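Student: Contents of run_21.pdb (PDB, C-alpha atoms, pLDDT in the B column) are below:
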```pdb
ATOM      1  CA  MET A   6     -15.116  -3.366  12.738  1.00 49.00           C
ATOM      2  CA  ALA A   7     -15.685  -3.195   8.981  1.00 50.00           C
ATOM      3  CA  SER A   8     -13.735  -3.354   5.755  1.00 57.00           C
ATOM      4  CA  GLN A   9     -14.046  -0.670   3.098  1.00 68.00           C
ATOM      5  CA  VAL A  10     -17.716   0.162   2.514  1.00 73.00           C
ATOM      6  CA  SER A  11     -17.430   3.218   0.264  1.00 72.00           C
ATOM      7  CA  THR A  12     -15.035   4.655  -2.274  1.00 66.00           C
ATOM      8  CA  THR A  13     -14.593   7.583  -4.620  1.00 65.00           C
ATOM      9  CA  ARG A  14     -14.410   6.476  -8.241  1.00 64.00           C
ATOM     10  CA  PRO A  15     -11.479   7.581 -10.456  1.00 59.00           C
ATOM     11  CA  CYS A  16     -13.911   9.421 -12.754  1.00 57.00           C
ATOM     12  CA  ASP A  17     -14.931  11.567  -9.758  1.00 55.00           C
ATOM     13  CA  SER A  18     -11.426  12.982  -9.310  1.00 53.00           C
ATOM     14  CA  GLY A  19     -12.217  16.001 -11.496  1.00 55.00           C
ATOM     15  CA  ASP A  20     -15.187  16.817  -9.285  1.00 56.00           C
ATOM     16  CA  ILE A  21     -13.824  18.934  -6.429  1.00 52.00           C
ATOM     17  CA  GLU A  22     -16.841  18.118  -4.231  1.00 57.00           C
ATOM     18  CA  SER A  23     -16.035  14.388  -4.388  1.00 54.00           C
ATOM     19  CA  LEU A  24     -12.690  14.983  -2.694  1.00 56.00           C
ATOM     20  CA  SER A  25     -14.409  15.908   0.577  1.00 67.00           C
ATOM     21  CA  THR A  26     -16.541  12.755   0.667  1.00 79.00           C
ATOM     22  CA  ALA A  27     -16.001   9.107   1.522  1.00 84.00           C
ATOM     23  CA  GLY A  28     -17.523   8.283  -1.860  1.00 85.00           C
ATOM     24  CA  TYR A  29     -20.310   5.969  -2.929  1.00 88.00           C
ATOM     25  CA  VAL A  30     -21.358   2.971  -0.841  1.00 87.00           C
ATOM     26  CA  LEU A  31     -20.006  -0.152  -2.511  1.00 86.00           C
ATOM     27  CA  GLU A  32     -22.306  -2.810  -3.943  1.00 87.00           C
ATOM     28  CA  GLY A  33     -23.319  -5.381  -1.341  1.00 87.00           C
ATOM     29  CA  HIS A  34     -22.941  -2.934   1.542  1.00 88.00           C
ATOM     30  CA  GLU A  35     -25.482  -0.666   3.157  1.00 92.00           C
ATOM     31  CA  ALA A  36     -25.101   2.647   4.922  1.00 93.00           C
ATOM     32  CA  ARG A  37     -27.736   4.918   6.398  1.00 95.00           C
ATOM     33  CA  ILE A  38     -27.884   7.996   8.567  1.00 96.00           C
ATOM     34  CA  SER A  39     -29.765   7.634  11.855  1.00 94.00           C
ATOM     35  CA  GLU A  40     -32.126  10.280  13.231  1.00 93.00           C
ATOM     36  CA  ALA A  41     -29.207  11.468  15.386  1.00 92.00           C
ATOM     37  CA  ARG A  42     -27.077  11.903  12.178  1.00 93.00           C
ATOM     38  CA  GLU A  43     -24.870   8.894  13.010  1.00 94.00           C
ATOM     39  CA  ILE A  44     -23.590   6.702  10.177  1.00 94.00           C
ATOM     40  CA  TRP A  45     -24.857   3.133  10.474  1.00 94.00           C
ATOM     41  CA  LEU A  46     -23.455   0.243   8.403  1.00 92.00           C
ATOM     42  CA  ARG A  47     -24.836  -3.173   7.533  1.00 90.00           C
ATOM     43  CA  GLY A  48     -23.585  -5.997   5.350  1.00 86.00           C
ATOM     44  CA  PRO A  49     -21.180  -8.904   5.008  1.00 82.00           C
ATOM     45  CA  CYS A  50     -18.163  -6.664   5.635  1.00 76.00           C
ATOM     46  CA  LEU A  51     -18.985  -6.263   9.328  1.00 80.00           C
ATOM     47  CA  ALA A  52     -17.337  -8.263  12.046  1.00 81.00           C
ATOM     48  CA  THR A  53     -19.704 -10.453  14.026  1.00 80.00           C
ATOM     49  CA  GLY A  54     -18.759  -8.780  17.291  1.00 84.00           C
ATOM     50  CA  TYR A  55     -15.954  -8.840  19.808  1.00 86.00           C
ATOM     51  CA  TRP A  56     -14.689 -11.634  22.019  1.00 91.00           C
ATOM     52  CA  GLN A  57     -15.338 -11.200  25.733  1.00 91.00           C
ATOM     53  CA  ASN A  58     -15.123 -13.842  28.455  1.00 92.00           C
ATOM     54  CA  GLY A  59     -15.393 -16.764  26.043  1.00 92.00           C
ATOM     55  CA  THR A  60     -18.303 -15.464  23.998  1.00 91.00           C
ATOM     56  CA  VAL A  61     -18.919 -13.180  21.035  1.00 88.00           C
ATOM     57  CA  VAL A  62     -20.669  -9.936  22.000  1.00 88.00           C
ATOM     58  CA  ASP A  63     -22.569  -8.530  19.012  1.00 87.00           C
ATOM     59  CA  PHE A  64     -22.183  -4.771  18.581  1.00 87.00           C
ATOM     60  CA  ARG A  65     -24.971  -4.490  15.994  1.00 86.00           C
ATOM     61  CA  ASN A  66     -28.565  -3.547  16.768  1.00 87.00           C
ATOM     62  CA  ALA A  67     -31.533  -5.921  16.310  1.00 87.00           C
ATOM     63  CA  GLU A  68     -31.764  -5.097  12.582  1.00 90.00           C
ATOM     64  CA  GLY A  69     -28.057  -5.796  12.050  1.00 88.00           C
ATOM     65  CA  TRP A  70     -26.934  -2.145  11.799  1.00 92.00           C
ATOM     66  CA  TYR A  71     -23.596  -1.147  13.304  1.00 91.00           C
ATOM     67  CA  PRO A  72     -23.535   2.411  14.737  1.00 92.00           C
ATOM     68  CA  THR A  73     -20.076   3.705  13.734  1.00 91.00           C
ATOM     69  CA  GLY A  74     -19.755   6.598  16.178  1.00 92.00           C
ATOM     70  CA  ASP A  75     -19.313   8.974  13.213  1.00 93.00           C
ATOM     71  CA  PHE A  76     -21.674  11.779  12.221  1.00 93.00           C
ATOM     72  CA  GLY A  77     -22.401  12.081   8.532  1.00 93.00           C
ATOM     73  CA  TYR A  78     -24.820  12.607   5.673  1.00 94.00           C
ATOM     74  CA  PHE A  79     -25.320  11.783   2.008  1.00 94.00           C
ATOM     75  CA  ASP A  80     -24.718  14.619  -0.458  1.00 91.00           C
ATOM     76  CA  ARG A  81     -26.963  15.371  -3.461  1.00 91.00           C
ATOM     77  CA  ALA A  82     -25.010  12.889  -5.596  1.00 88.00           C
ATOM     78  CA  GLY A  83     -25.496  10.078  -3.045  1.00 91.00           C
ATOM     79  CA  ARG A  84     -21.923  10.126  -1.724  1.00 90.00           C
ATOM     80  CA  LEU A  85     -21.278   9.451   1.953  1.00 92.00           C
ATOM     81  CA  CYS A  86     -19.813  12.441   3.806  1.00 90.00           C
ATOM     82  CA  VAL A  87     -18.227  12.002   7.238  1.00 90.00           C
ATOM     83  CA  LEU A  88     -18.453  15.043   9.509  1.00 89.00           C
ATOM     84  CA  GLY A  89     -16.500  13.682  12.473  1.00 90.00           C
ATOM     85  CA  ARG A  90     -16.625  11.499  15.559  1.00 92.00           C
ATOM     86  CA  LYS A  91     -19.508  11.729  18.031  1.00 93.00           C
ATOM     87  CA  ASP A  92     -16.878  11.776  20.794  1.00 92.00           C
ATOM     88  CA  ASN A  93     -15.379  14.985  19.347  1.00 94.00           C
ATOM     89  CA  LEU A  94     -18.624  16.973  19.348  1.00 95.00           C
ATOM     90  CA  ILE A  95     -18.484  20.171  21.420  1.00 96.00           C
ATOM     91  CA  ILE A  96     -21.839  21.523  22.633  1.00 96.00           C
ATOM     92  CA  SER A  97     -21.605  25.238  23.364  1.00 96.00           C
ATOM     93  CA  GLY A  98     -24.709  27.143  24.427  1.00 95.00           C
ATOM     94  CA  GLY A  99     -26.884  24.531  22.736  1.00 94.00           C
ATOM     95  CA  GLU A 100     -24.947  24.790  19.441  1.00 95.00           C
ATOM     96  CA  ASN A 101     -23.100  21.774  18.035  1.00 95.00           C
ATOM     97  CA  ILE A 102     -19.476  22.303  17.034  1.00 96.00           C
ATOM     98  CA  GLN A 103     -17.756  19.415  15.250  1.00 95.00           C
ATOM     99  CA  SER A 104     -14.045  19.578  16.099  1.00 95.00           C
ATOM    100  CA  GLU A 105     -12.989  18.119  12.756  1.00 93.00           C
ATOM    101  CA  GLN A 106     -14.865  20.822  10.831  1.00 93.00           C
ATOM    102  CA  VAL A 107     -13.093  23.621  12.714  1.00 96.00           C
ATOM    103  CA  GLU A 108      -9.752  21.823  12.292  1.00 95.00           C
ATOM    104  CA  SER A 109     -10.251  21.537   8.527  1.00 93.00           C
ATOM    105  CA  PHE A 110     -10.772  25.304   8.222  1.00 95.00           C
ATOM    106  CA  ILE A 111      -7.716  25.950  10.402  1.00 96.00           C
ATOM    107  CA  PHE A 112      -5.610  23.692   8.135  1.00 95.00           C
ATOM    108  CA  GLU A 113      -7.039  25.308   4.992  1.00 94.00           C
ATOM    109  CA  SER A 114      -5.768  28.681   6.245  1.00 95.00           C
ATOM    110  CA  GLY A 115      -2.200  27.538   5.486  1.00 95.00           C
ATOM    111  CA  LEU A 116      -1.015  29.022   8.799  1.00 97.00           C
ATOM    112  CA  VAL A 117      -0.460  25.804  10.790  1.00 96.00           C
ATOM    113  CA  SER A 118       1.253  22.454  10.319  1.00 93.00           C
ATOM    114  CA  ARG A 119      -0.618  20.720  13.151  1.00 92.00           C
ATOM    115  CA  CYS A 120      -3.881  21.439  14.876  1.00 95.00           C
ATOM    116  CA  VAL A 121      -6.389  19.824  17.207  1.00 96.00           C
ATOM    117  CA  VAL A 122      -9.588  21.393  18.555  1.00 97.00           C
ATOM    118  CA  VAL A 123     -11.097  20.238  21.847  1.00 97.00           C
ATOM    119  CA  GLY A 124     -13.798  21.477  24.182  1.00 96.00           C
ATOM    120  CA  ARG A 125     -12.970  23.278  27.421  1.00 95.00           C
ATOM    121  CA  ASP A 126     -15.566  23.240  30.191  1.00 94.00           C
ATOM    122  CA  ASP A 127     -17.250  26.631  30.547  1.00 92.00           C
ATOM    123  CA  MET A 128     -19.603  27.800  33.317  1.00 92.00           C
ATOM    124  CA  THR A 129     -21.723  29.879  30.910  1.00 94.00           C
ATOM    125  CA  TRP A 130     -21.767  27.886  27.673  1.00 95.00           C
ATOM    126  CA  GLY A 131     -21.162  24.294  28.832  1.00 94.00           C
ATOM    127  CA  GLN A 132     -18.090  23.983  26.619  1.00 95.00           C
ATOM    128  CA  ARG A 133     -16.066  26.278  24.357  1.00 97.00           C
ATOM    129  CA  PRO A 134     -13.625  25.257  21.604  1.00 98.00           C
ATOM    130  CA  VAL A 135      -9.890  25.650  22.163  1.00 97.00           C
ATOM    131  CA  ALA A 136      -7.254  24.942  19.488  1.00 97.00           C
ATOM    132  CA  PHE A 137      -3.704  23.675  19.887  1.00 96.00           C
ATOM    133  CA  CYS A 138      -1.620  24.777  16.905  1.00 95.00           C
ATOM    134  CA  GLU A 139       1.885  24.340  15.591  1.00 93.00           C
ATOM    135  CA  TRP A 140       2.312  27.566  13.625  1.00 94.00           C
ATOM    136  CA  LEU A 141       4.050  27.793  10.285  1.00 94.00           C
ATOM    137  CA  GLU A 142       6.419  30.708   9.750  1.00 91.00           C
ATOM    138  CA  GLY A 143       4.378  33.876   9.419  1.00 85.00           C
ATOM    139  CA  GLY A 144       1.298  32.275  10.958  1.00 85.00           C
ATOM    140  CA  GLY A 145      -0.342  33.697  14.037  1.00 91.00           C
ATOM    141  CA  GLU A 146      -3.557  33.891  15.991  1.00 95.00           C
ATOM    142  CA  GLU A 147      -4.718  37.249  14.624  1.00 95.00           C
ATOM    143  CA  GLU A 148      -4.383  36.137  10.989  1.00 96.00           C
ATOM    144  CA  LEU A 149      -6.086  32.835  11.741  1.00 97.00           C
ATOM    145  CA  VAL A 150      -9.067  34.414  13.516  1.00 97.00           C
ATOM    146  CA  THR A 151      -9.507  36.825  10.590  1.00 97.00           C
ATOM    147  CA  TYR A 152      -9.471  33.871   8.181  1.00 97.00           C
ATOM    148  CA  LEU A 153     -11.918  31.823  10.269  1.00 97.00           C
ATOM    149  CA  MET A 154     -14.361  34.744  10.628  1.00 97.00           C
ATOM    150  CA  ALA A 155     -14.882  34.605   6.850  1.00 96.00           C
ATOM    151  CA  TYR A 156     -15.985  30.945   6.952  1.00 96.00           C
ATOM    152  CA  LEU A 157     -17.347  30.018  10.373  1.00 96.00           C
ATOM    153  CA  PRO A 158     -19.983  31.451  12.686  1.00 97.00           C
ATOM    154  CA  ARG A 159     -18.471  33.193  15.711  1.00 97.00           C
ATOM    155  CA  TYR A 160     -19.500  30.463  18.167  1.00 97.00           C
ATOM    156  CA  LYS A 161     -17.333  27.912  16.268  1.00 98.00           C
ATOM    157  CA  ILE A 162     -14.150  29.985  16.421  1.00 98.00           C
ATOM    158  CA  PRO A 163     -11.870  28.802  19.241  1.00 98.00           C
ATOM    159  CA  ASP A 164     -11.606  31.041  22.302  1.00 96.00           C
ATOM    160  CA  ALA A 165      -7.895  30.287  22.619  1.00 95.00           C
ATOM    161  CA  PHE A 166      -5.049  29.123  20.387  1.00 96.00           C
ATOM    162  CA  LEU A 167      -2.479  27.309  22.510  1.00 95.00           C
ATOM    163  CA  PRO A 168       0.989  26.171  21.401  1.00 93.00           C
ATOM    164  CA  TRP A 169       1.417  22.561  20.375  1.00 90.00           C
ATOM    165  CA  PRO A 170       2.814  20.712  23.442  1.00 86.00           C
ATOM    166  CA  ALA A 171       6.479  19.744  23.143  1.00 80.00           C
ATOM    167  CA  ALA A 172       5.676  16.284  24.535  1.00 74.00           C
ATOM    168  CA  GLU A 173       3.441  15.653  21.503  1.00 70.00           C
ATOM    169  CA  MET A 174       5.968  16.687  18.824  1.00 69.00           C
ATOM    170  CA  ARG A 175       7.098  13.127  18.021  1.00 74.00           C
ATOM    171  CA  ARG A 176       3.727  11.376  18.158  1.00 73.00           C
ATOM    172  CA  LEU A 177       2.094  10.551  14.854  1.00 72.00           C
ATOM    173  CA  LYS A 178      -1.362   9.880  16.285  1.00 81.00           C
ATOM    174  CA  ILE A 179      -3.149  12.636  18.177  1.00 84.00           C
ATOM    175  CA  ASP A 180      -4.291  11.726  21.689  1.00 86.00           C
ATOM    176  CA  ARG A 181      -7.414  13.901  21.942  1.00 88.00           C
ATOM    177  CA  ARG A 182      -8.028  12.862  25.549  1.00 90.00           C
ATOM    178  CA  MET A 183      -4.630  14.272  26.563  1.00 89.00           C
ATOM    179  CA  PHE A 184      -5.368  17.583  24.797  1.00 91.00           C
ATOM    180  CA  GLN A 185      -8.824  17.634  26.392  1.00 90.00           C
ATOM    181  CA  ASP A 186      -7.291  17.181  29.839  1.00 90.00           C
ATOM    182  CA  LEU A 187      -4.793  19.997  29.219  1.00 91.00           C
ATOM    183  CA  VAL A 188      -7.514  22.621  28.699  1.00 90.00           C
ATOM    184  CA  GLN A 189      -9.772  21.841  31.635  1.00 85.00           C
ATOM    185  CA  PRO A 190      -9.863  24.526  34.361  1.00 71.00           C
ATOM    186  CA  ARG A 191      -8.377  22.185  36.983  1.00 60.00           C
ATOM    187  CA  ALA A 192      -5.372  21.492  34.716  1.00 51.00           C
ATOM    188  CA  LEU A 193      -4.899  25.186  33.980  1.00 49.00           C
ATOM    189  CA  ASN A 194      -5.076  26.024  37.707  1.00 48.00           C
ATOM    190  CA  ASN A 195      -2.548  23.293  38.557  1.00 47.00           C
ATOM    191  CA  ALA A 196      -0.157  24.663  35.924  1.00 47.00           C
ATOM    192  CA  ARG A 197       0.044  28.039  37.694  1.00 41.00           C
TER     193      ARG A 197
END
```
Kindly transcribe the structure held in the file into structure tokens.

Tutor:
Amino acid sequence: MASQVSTTRPCDSGDIESLSTAGYVLEGHEARISEAREIWLRGPCLATGYWQNGTVVDFRNAEGWYPTGDFGYFDRAGRLCVLGRKDNLIISGGENIQSEQVESFIFESGLVSRCVVVGRDDMTWGQRPVAFCEWLEGGGEEELVTYLMAYLPRYKIPDAFLPWPAAEMRRLKIDRRMFQDLVQPRALNNAR
């Protein structure tokens, strides 16, 4: 929907904090964070809309802002930071859990080569996080939970760590919907 709207400058490469950001908004482009923490973009880089039934359907609001579907914020230096997709938000007992945040801590542990975190429906909490992992040699659930407990609040730590599905081994792009379907109670009951 848009071309590049932000970038990290070469002089920022020595700043470790800059590596976790999308960088500064480029001249001529605008970005803002909505009240709901969604990144909105505006400027000449945006597409006009999408073609449907012989007409262009504008996906921008009345002021010309395009809601990206990504949560984010600006750091103290004014760099844009992307937290993750709205679609990947897990709400558990009224607490927001961003799947991408949990995944980044799982990857930082050095115990997995692949990981995806999705929400499983839960009668008590609404949803609970579950992780699919492809373990590296020497990696395991106990070590990972110990690592995560040092960095994340308990409610963000997945309730289960399931093996990476064999059918997904060759895919380069993760199909979150498929992983989501695999953890729902009806799917688990059908697998028995």

Student: Do you know which residues are at most 12 Å from range 113-116 of chain A counting only C-alpha atoms, after dropping those on the same chain fewer than 3 positions away, and could you put them as number ranges by chain?

Tutor: A: 106-110, 119-120, 138-156

Student: Just C-alpha atoms for this one: save the residues we selected as a short mmCIF file (atom, residue, chain, number, x, y, z; two decimals), in the coordinates of the input.

Tutor:
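Listed below is the output, again-v8.cif:
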```
data_model
loop_
_atom_site.label_atom_id
_atom_site.label_comp_id
_atom_site.auth_asym_id
_atom_site.auth_seq_id
_atom_site.Cartn_x
_atom_site.Cartn_y
_atom_site.Cartn_z
CA GLN A 106 -14.86 20.82 10.83
CA VAL A 107 -13.09 23.62 12.71
CA GLU A 108 -9.75 21.82 12.29
CA SER A 109 -10.25 21.54 8.53
CA PHE A 110 -10.77 25.30 8.22
CA ARG A 119 -0.62 20.72 13.15
CA CYS A 120 -3.88 21.44 14.88
CA CYS A 138 -1.62 24.78 16.90
CA GLU A 139 1.88 24.34 15.59
CA TRP A 140 2.31 27.57 13.62
CA LEU A 141 4.05 27.79 10.28
CA GLU A 142 6.42 30.71 9.75
CA GLY A 143 4.38 33.88 9.42
CA GLY A 144 1.30 32.28 10.96
CA GLY A 145 -0.34 33.70 14.04
CA GLU A 146 -3.56 33.89 15.99
CA GLU A 147 -4.72 37.25 14.62
CA GLU A 148 -4.38 36.14 10.99
CA LEU A 149 -6.09 32.84 11.74
CA VAL A 150 -9.07 34.41 13.52
CA THR A 151 -9.51 36.83 10.59
CA TYR A 152 -9.47 33.87 8.18
CA LEU A 153 -11.92 31.82 10.27
CA MET A 154 -14.36 34.74 10.63
CA ALA A 155 -14.88 34.60 6.85
CA TYR A 156 -15.98 30.94 6.95
#
```

Student: To one decimal in Å, tell me the separation between CA of Arg181 in chain A and CA of Val123 in chain A.

Tutor: 7.3 Å

Student: Name all residues at most 6 Å from range 159-163 of chain A (count only C-alpha atoms; drop same-chain ones fewer than 2 positions away) and give them as a list in words.

Tutor: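 Answer for this query is Pro134, Val135 and Ala165 of chain A.
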
Student: Choose the residue, out of A:Leu177, A:Val188, A:Val122, A:Cys86, that has the smallest atom-to-atom separation from Ile38 in chain A; count all atoms listed in the file.

Tutor: A:Cys86

Student: Expressed in Å to a single decimal, how great is the separation between CA of Gly99 in chain A and CA of Gly131 in chain A?

Tutor: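 Taking CA of Gly99 in chain A as the start and CA of Gly131 in chain A as the end point, the length is 8.4 Å.
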
Student: Just say which residues the PyMOL selection byres ((chain A and resi 79) around 12) picks in this file, as a list in words.

Tutor: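 Evaluating the PyMOL selection byres ((chain A and resi 79) around 12) on these coordinates yields Ser11, Ser23, Ser25, Thr26, Ala27, Gly28, Tyr29, Val30, Ala36, Arg37, Ile38, Ser39, Arg42, Glu43, Ile44, Phe76, Gly77, Tyr78, Asp80, Arg81, Ala82, Gly83, Arg84, Leu85, Cys86, Val87 and Leu88 of chain A.
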
Student: So the first atom is CA of Leu167 in chain A and the second is CA of Leu94 in chain A; what is the distance between them in Å, to one decimal place?

Tutor: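 Interatomic distance, CA of Leu167 in chain A to CA of Leu94 in chain A: 19.4 Å.
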
Student: Apply the PyMOL selection byres ((chain A and resi 73) around 8) to the structure shown and report the selected residues as a PyMOL selection string.

Tutor: chain A and resi 43-46+71-72+74-75

Student: Go through A:Ala172, A:Leu51, A:Leu31, A:Ile96 and flag the residue nearest Asp127 in chain A, using only C-alpha atoms for the distances.

Tutor: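 Checking each candidate against Asp127 in chain A, we get A:Ile96 as the closest.
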
Student: Which residue gives the smallest distance to Val121 in chain A among A:Thr53, A:Gln189, A:Asn93, A:Thr60, with all atoms listed in the file counted?

Tutor: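 Of A:Thr53, A:Gln189, A:Asn93, A:Thr60, the one nearest Val121 in chain A, counting all atoms listed in the file, is A:Asn93.
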
Student: So which one's closest to Ala136 in chain A, A:Pro158, A:Ile111, A:Asp180, A:Gln57? Using all atoms listed in the file, please.

Tutor: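 Using all atoms listed in the file, Ala136 in chain A sits closest to A:Ile111.
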
Student: List, as a short mmCIF file (atom, residue, chain, number, x, y, z; two decimals) with C-alpha atoms, keeping the file's coordinate frame, every residue that the PyMOL selection byres ((chain A and resi 47) around 6) selects in the file provided.

Tutor:
```
data_model
loop_
_atom_site.label_atom_id
_atom_site.label_comp_id
_atom_site.auth_asym_id
_atom_site.auth_seq_id
_atom_site.Cartn_x
_atom_site.Cartn_y
_atom_site.Cartn_z
CA GLU A 35 -25.48 -0.67 3.16
CA LEU A 46 -23.46 0.24 8.40
CA GLY A 48 -23.58 -6.00 5.35
CA TRP A 70 -26.93 -2.14 11.80
#
```
